[in-house]
file start_1.tsv (TSV, C-alpha atoms)
chain	number	residue	atom	x	y	z
A	7	MET	CA	35.09	4.72	-10.68
A	8	GLU	CA	38.43	6.37	-9.89
A	9	ARG	CA	36.69	9.68	-9.15
A	10	LEU	CA	34.15	7.93	-6.92
A	11	ALA	CA	36.96	6.15	-5.07
A	12	ALA	CA	38.81	9.44	-4.61
A	13	LEU	CA	35.62	11.11	-3.40
A	14	GLY	CA	35.08	8.31	-0.88
A	15	GLN	CA	38.63	8.71	0.47
A	16	LEU	CA	38.21	12.48	0.65
A	17	SER	CA	34.88	12.16	2.46
A	18	ALA	CA	36.28	9.69	4.98
A	19	GLY	CA	39.26	11.96	5.65
A	20	LEU	CA	36.98	14.97	6.05
A	21	ALA	CA	34.76	13.03	8.47
A	22	HIS	CA	37.81	12.20	10.60
A	23	GLU	CA	38.87	15.85	10.63
A	24	ILE	CA	35.36	16.93	11.68
A	25	ARG	CA	35.36	14.37	14.47
A	26	ASN	CA	38.39	15.88	16.24
A	27	PRO	CA	36.98	19.39	16.91
A	28	LEU	CA	33.61	17.83	17.73
A	29	GLY	CA	35.30	15.89	20.52
A	30	VAL	CA	36.79	19.12	21.89
A	31	ILE	CA	33.42	20.91	21.70
A	32	LYS	CA	31.64	18.01	23.42
A	33	GLY	CA	34.26	17.73	26.17
A	34	SER	CA	34.31	21.49	26.77
A	35	ALA	CA	30.50	21.63	26.99
A	36	GLU	CA	30.52	18.76	29.48
A	37	MET	CA	33.05	20.58	31.69
A	38	LEU	CA	31.04	23.82	31.50
A	39	ASN	CA	27.89	21.96	32.40
A	40	ARG	CA	29.51	20.58	35.57
A	41	LYS	CA	30.78	24.03	36.61
A	42	LEU	CA	27.54	25.89	35.86
A	43	ARG	CA	25.02	23.61	37.55
A	44	SER	CA	24.22	26.24	40.16
A	45	SER	CA	24.44	29.14	37.72
A	46	ASP	CA	21.83	30.81	35.55
A	47	PRO	CA	19.34	28.15	34.26
A	48	VAL	CA	19.35	29.67	30.77
A	49	THR	CA	23.14	29.36	30.55
A	50	VAL	CA	22.98	25.74	31.71
A	51	GLU	CA	20.31	25.01	29.10
A	52	LEU	CA	22.41	26.56	26.31
A	53	VAL	CA	25.43	24.49	27.33
A	54	SER	CA	23.30	21.34	27.28
A	55	TYR	CA	22.21	22.21	23.74
A	56	ILE	CA	25.85	22.48	22.67
A	57	TYR	CA	26.63	19.11	24.25
A	58	SER	CA	23.63	17.26	22.81
A	59	GLU	CA	24.06	18.67	19.29
A	60	ALA	CA	27.79	17.89	19.28
A	61	ASN	CA	26.94	14.38	20.46
A	62	TRP	CA	24.39	13.99	17.64
A	63	LEU	CA	26.88	15.20	15.03
A	64	ASN	CA	29.50	12.81	16.36
A	65	GLY	CA	27.03	9.95	15.96
A	66	LEU	CA	26.31	11.05	12.40
A	67	VAL	CA	30.02	11.10	11.56
A	68	SER	CA	30.42	7.62	13.09
A	69	ARG	CA	27.58	6.23	10.97
A	70	PHE	CA	29.02	7.86	7.86
A	71	LEU	CA	32.42	6.30	8.52
A	72	ASP	CA	30.73	2.91	8.99
A	73	PHE	CA	29.25	3.37	5.52
A	74	VAL	CA	32.43	4.41	3.67
A	75	ARG	CA	34.89	2.23	5.59
A	76	PRO	CA	35.90	-0.93	3.67
A	77	LEU	CA	34.65	-4.03	5.46
A	78	LYS	CA	36.70	-7.18	5.89
A	79	PRO	CA	34.21	-9.75	7.14
A	80	GLU	CA	35.65	-12.86	8.74
A	81	LEU	CA	33.30	-15.53	7.46
A	82	HIS	CA	32.49	-18.68	9.37
A	83	LEU	CA	29.77	-21.28	8.89
A	84	GLN	CA	27.44	-20.49	11.81
A	85	GLU	CA	23.86	-21.08	12.86
A	86	VAL	CA	21.62	-18.14	12.05
A	87	VAL	CA	19.00	-18.45	14.82
A	88	PRO	CA	21.35	-17.59	17.74
A	89	ILE	CA	22.60	-14.50	15.89
A	90	LEU	CA	19.05	-13.29	15.24
A	91	GLU	CA	18.07	-13.98	18.85
A	92	GLN	CA	21.05	-11.99	20.12
A	93	ALA	CA	20.01	-9.05	17.95
A	94	LEU	CA	16.42	-9.33	19.21
A	95	HIS	CA	17.66	-9.35	22.81
A	96	ALA	CA	19.75	-6.21	22.20
A	97	VAL	CA	16.73	-4.37	20.77
A	98	GLN	CA	14.45	-5.48	23.62
A	99	ILE	CA	16.92	-4.03	26.12
A	100	ARG	CA	16.59	-0.67	24.33
A	101	TRP	CA	12.76	-0.99	24.15
A	102	PRO	CA	11.81	-2.65	27.47
A	103	GLN	CA	8.27	-1.20	27.34
A	104	SER	CA	7.55	-2.35	23.79
A	105	LYS	CA	4.08	-3.82	23.29
A	106	VAL	CA	5.12	-5.75	20.19
A	107	GLU	CA	4.34	-9.47	20.10
A	108	ILE	CA	7.08	-11.69	18.66
A	109	GLU	CA	6.18	-14.61	16.40
A	110	ARG	CA	9.09	-16.96	15.70
A	111	ARG	CA	8.97	-19.31	12.74
A	112	TYR	CA	12.22	-21.19	13.01
A	113	PRO	CA	13.15	-24.51	11.38
A	114	ALA	CA	13.28	-27.71	13.41
A	115	GLU	CA	16.81	-28.37	12.18
A	116	PRO	CA	19.62	-25.80	12.59
A	117	LEU	CA	20.38	-23.69	9.51
A	118	SER	CA	23.83	-22.24	8.97
A	119	ALA	CA	25.26	-19.58	6.69
A	120	LEU	CA	28.73	-18.30	5.98
A	121	VAL	CA	28.74	-15.08	8.02
A	122	ASP	CA	30.65	-12.67	10.18
A	123	ALA	CA	28.56	-13.01	13.36
A	124	GLY	CA	29.20	-9.47	14.60
A	125	LEU	CA	28.33	-7.80	11.30
A	126	CYS	CA	25.36	-10.09	10.78
A	127	GLU	CA	24.04	-9.23	14.23
A	128	GLN	CA	24.33	-5.54	13.28
A	129	VAL	CA	22.16	-6.23	10.22
A	130	PHE	CA	19.46	-7.98	12.24
A	131	THR	CA	19.57	-5.41	15.06
A	132	ASN	CA	19.00	-2.55	12.62
A	133	LEU	CA	16.13	-4.31	10.83
A	134	VAL	CA	14.41	-5.37	14.08
A	135	LEU	CA	14.83	-1.89	15.54
A	136	ASN	CA	13.28	-0.35	12.42
A	137	ALA	CA	10.37	-2.77	12.72
A	138	LEU	CA	9.72	-1.84	16.36
A	139	GLU	CA	9.96	1.87	15.57
A	140	ALA	CA	7.26	1.33	12.92
A	141	MET	CA	4.93	0.00	15.63
A	142	PRO	CA	5.11	2.50	18.52
A	143	GLU	CA	1.62	1.54	19.73
A	144	GLY	CA	2.28	-2.18	19.49
A	145	GLY	CA	1.81	-4.85	16.86
A	146	THR	CA	3.30	-8.11	15.66
A	147	LEU	CA	6.86	-8.85	14.63
A	148	LYS	CA	7.26	-12.06	12.63
A	149	LEU	CA	10.71	-13.63	12.38
A	150	THR	CA	10.98	-16.40	9.79
A	151	ILE	CA	14.04	-18.47	8.91
A	152	THR	CA	13.95	-21.00	6.07
A	153	PRO	CA	16.40	-22.77	3.76
A	154	ALA	CA	16.62	-20.97	0.41
A	155	GLU	CA	18.31	-20.95	-2.98
A	156	SER	CA	19.32	-17.94	-5.05
A	157	GLU	CA	20.97	-18.07	-8.46
A	158	GLY	CA	22.03	-21.65	-7.91
A	159	ARG	CA	23.46	-21.01	-4.44
A	160	GLN	CA	22.14	-22.68	-1.31
A	161	GLY	CA	21.67	-20.56	1.77
A	162	VAL	CA	19.33	-19.19	4.40
A	163	SER	CA	16.44	-16.75	4.06
A	164	ILE	CA	15.56	-14.49	7.00
A	165	ASP	CA	12.28	-12.52	6.95
A	166	ILE	CA	11.69	-9.66	9.41
A	167	GLU	CA	8.07	-8.57	9.03
A	168	ASP	CA	6.18	-5.93	11.03
A	169	SER	CA	2.52	-4.92	11.15
A	170	GLY	CA	3.21	-1.19	10.93
A	171	PRO	CA	2.08	1.26	8.22
A	172	GLY	CA	4.34	-0.31	5.58
A	173	ILE	CA	6.59	1.21	2.92
A	174	PRO	CA	5.14	2.55	-0.36
A	175	PRO	CA	6.40	0.44	-3.31
A	176	GLU	CA	7.82	3.53	-5.02
A	177	LEU	CA	10.26	3.91	-2.11
A	178	TRP	CA	11.47	0.30	-2.00
A	179	GLU	CA	14.65	1.06	-3.93
A	180	GLN	CA	15.28	4.53	-2.51
A	181	ILE	CA	15.32	3.45	1.14
A	182	PHE	CA	18.69	1.77	0.60
A	183	ASN	CA	20.26	4.96	-0.80
A	184	PRO	CA	22.60	6.89	1.53
A	185	PHE	CA	20.96	9.81	3.36
A	186	PHE	CA	17.44	8.92	2.20
A	187	THR	CA	15.06	8.73	5.16
A	188	THR	CA	11.38	9.10	5.97
A	189	LYS	CA	12.07	9.67	9.68
A	190	SER	CA	11.99	13.20	11.06
A	191	ASN	CA	15.10	12.53	13.17
A	192	GLY	CA	16.83	10.03	10.86
A	193	VAL	CA	19.96	10.49	8.76
A	194	GLY	CA	19.33	7.74	6.20
A	195	LEU	CA	22.44	5.64	6.72
A	196	GLY	CA	21.08	2.66	8.68
A	197	LEU	CA	19.68	0.65	5.75
A	198	SER	CA	22.58	1.70	3.51
A	199	ILE	CA	25.05	0.21	5.99
A	200	VAL	CA	22.90	-2.91	6.38
A	201	SER	CA	22.71	-3.36	2.59
A	202	LYS	CA	26.47	-2.92	2.28
A	203	ILE	CA	27.15	-5.57	4.94
A	204	VAL	CA	24.81	-8.06	3.25
A	205	ASP	CA	26.47	-7.36	-0.12
A	206	ASP	CA	29.87	-8.07	1.44
A	207	HIS	CA	28.46	-11.46	2.49
A	208	ARG	CA	27.53	-12.07	-1.19
A	209	GLY	CA	23.90	-12.09	-0.17
A	210	TRP	CA	21.03	-9.72	-0.85
A	211	LEU	CA	18.44	-7.62	0.98
A	212	ARG	CA	14.98	-6.87	-0.41
A	213	VAL	CA	11.61	-5.44	0.58
A	214	LEU	CA	8.67	-7.77	-0.04
A	215	ASN	CA	4.92	-7.43	-0.41
A	216	THR	CA	2.94	-8.38	2.68
A	217	THR	CA	-0.56	-9.82	2.94
A	218	GLY	CA	-1.79	-6.74	4.81
A	219	LYS	CA	-0.19	-3.63	6.23
A	220	GLY	CA	3.40	-3.66	7.29
A	221	ALA	CA	6.84	-4.10	5.82
A	222	CYS	CA	8.86	-7.27	5.29
A	223	PHE	CA	12.62	-7.26	4.77
A	224	ARG	CA	14.15	-10.47	3.46
A	225	VAL	CA	17.85	-11.22	3.85
A	226	PHE	CA	19.47	-14.03	1.88
A	227	LEU	CA	22.80	-15.34	3.16
A	228	PRO	CA	24.60	-18.11	1.26
A	229	ASN	CA	26.24	-21.02	3.05
A	230	ALA	CA	29.04	-21.28	0.50
A	231	GLN	CA	30.93	-18.53	-1.29
A	232	PRO	CA	33.50	-19.52	-3.90
A	233	LEU	CA	34.22	-15.86	-4.73
A	234	LEU	CA	34.98	-13.39	-1.95
A	235	GLU	CA	35.96	-9.75	-1.62
A	236	GLU	CA	39.70	-9.25	-1.40
A	237	GLY	CA	40.72	-9.33	2.24
A	238	SER	CA	37.79	-11.47	3.38
A	239	GLN	CA	38.64	-14.56	5.35
A	240	VAL	CA	36.70	-17.79	5.33
A	241	ASP	CA	36.57	-20.57	7.87
A	242	SER	CA	33.95	-23.18	7.03
A	243	SER	CA	34.95	-25.51	9.85

call {"tool": "encode", "arguments": {"input": "start_1.tsv", "output": "structure tokens"}}
result
Amino acid sequence: MERLAALGQLSAGLAHEIRNPLGVIKGSAEMLNRKLRSSDPVTVELVSYIYSEANWLNGLVSRFLDFVRPLKPELHLQEVVPILEQALHAVQIRWPQSKVEIERRYPAEPLSALVDAGLCEQVFTNLVLNALEAMPEGGTLKLTITPAESEGRQGVSIDIEDSGPGIPPELWEQIFNPFFTTKSNGVGLGLSIVSKIVDDHRGWLRVLNTTGKGACFRVFLPNAQPLLEEGSQVDSS
């Protein structure tokens, strides 16, 4: 455990050090691009490659730091539906031409969980975005919120189910591992970060069987947490 902790600190420090020269490369390429707009098209294209690749690497470093950085969620008892709707709205802005039909199965009475709204929205945004990416030609996205119990704890269950090609059962555990991805342009940190955030809420994230094709991710968030990570803050008012 001590070696893993040391490795995590080393990796985070290395990521920070990589970020600094990347910023210089990106800024320099942007300046060159402005000065060479009327120059040789090949030169302009090469400069744009430098800029876009530096930008991509910077995004990768940012996601890696999100994964290794210790989280200190500020937990409050909040309704879950508005947080999920905010995440859905953010994804729809990014995919305005999406042909996906949304089916909402929300409870008549408000359901609350002990959450950090910003981090929880990040969880839902990532899961909804993954669902839409699995249905590029259109499909159905089902959002279900129900009261739930897990290991004697009361809470809220959130299902995000798509009608895409689905995830093979043999990959259900691997998809939460850092840097594991089935996407050609993915880096495999999205679900790892999501899983980490849910763990820090003392909840859990699982992949479920579906009646047909598609994938279903279920998030359980408790509405009471007697034991919290050191540094977490709770406000149940």

call {"tool": "residues_around", "arguments": {"input": "start_1.tsv", "residues": "region 121-125 of chain A", "least_positions_apart": "6", "cutoff": "6 Å", "atoms": "all atoms listed in the file", "output": "mmCIF file with C-alpha atoms, in the frame of the given file"}}
result
data_model
loop_
_atom_site.group_PDB
_atom_site.id
_atom_site.type_symbol
_atom_site.label_atom_id
_atom_site.label_comp_id
_atom_site.auth_asym_id
_atom_site.auth_seq_id
_atom_site.Cartn_x
_atom_site.Cartn_y
_atom_site.Cartn_z
ATOM 1 C CA PRO A 79 34.210 -9.750 7.140
ATOM 2 C CA GLU A 80 35.650 -12.860 8.740
ATOM 3 C CA LEU A 81 33.300 -15.530 7.460
ATOM 4 C CA HIS A 82 32.490 -18.680 9.370
#

call {"tool": "closest_atom_pairs", "arguments": {"input": "start_1.tsv", "of": "region 94-138 of chain A", "to": "region 200-219 of chain A", "cutoff": "10 Å", "atoms": "only C-alpha atoms", "output": "JSON lines"}}
result
{"residue": "A:Ala119", "atom": "CA", "partner": "A:His207", "partner_atom": "CA", "distance": 9.7}
{"residue": "A:Leu120", "atom": "CA", "partner": "A:His207", "partner_atom": "CA", "distance": 7.7}
{"residue": "A:Val121", "atom": "CA", "partner": "A:His207", "partner_atom": "CA", "distance": 6.6}
{"residue": "A:Asp122", "atom": "CA", "partner": "A:His207", "partner_atom": "CA", "distance": 8.1}
{"residue": "A:Leu125", "atom": "CA", "partner": "A:Ile203", "partner_atom": "CA", "distance": 6.8}
{"residue": "A:Cys126", "atom": "CA", "partner": "A:Ile203", "partner_atom": "CA", "distance": 7.6}
{"residue": "A:Gln128", "atom": "CA", "partner": "A:Val200", "partner_atom": "CA", "distance": 7.5}
{"residue": "A:Val129", "atom": "CA", "partner": "A:Val200", "partner_atom": "CA", "distance": 5.1}
{"residue": "A:Phe130", "atom": "CA", "partner": "A:Val200", "partner_atom": "CA", "distance": 8.5}
{"residue": "A:Thr131", "atom": "CA", "partner": "A:Val200", "partner_atom": "CA", "distance": 9.6}
{"residue": "A:Asn132", "atom": "CA", "partner": "A:Val200", "partner_atom": "CA", "distance": 7.4}
{"residue": "A:Leu133", "atom": "CA", "partner": "A:Val200", "partner_atom": "CA", "distance": 8.2}

call {"tool": "closest_residue", "arguments": {"input": "start_1.tsv", "among": "A:His95, A:Arg25, A:Arg100, A:Lys41", "to": "Asn64 (chain A)", "atoms": "only C-alpha atoms"}}
result
A:Arg25

call {"tool": "residues_around", "arguments": {"input": "start_1.tsv", "residues": "region 152-165 of chain A", "least_positions_apart": "4", "cutoff": "7 Å", "atoms": "only C-alpha atoms", "output": "PyMOL selection string"}}
result
chain A and resi 113+117+119+222-229

call {"tool": "atom_distance", "arguments": {"input": "start_1.tsv", "atom1": "CA of Glu167 (chain A)", "atom2": "CA of Glu139 (chain A)"}}
result
12.5 Å
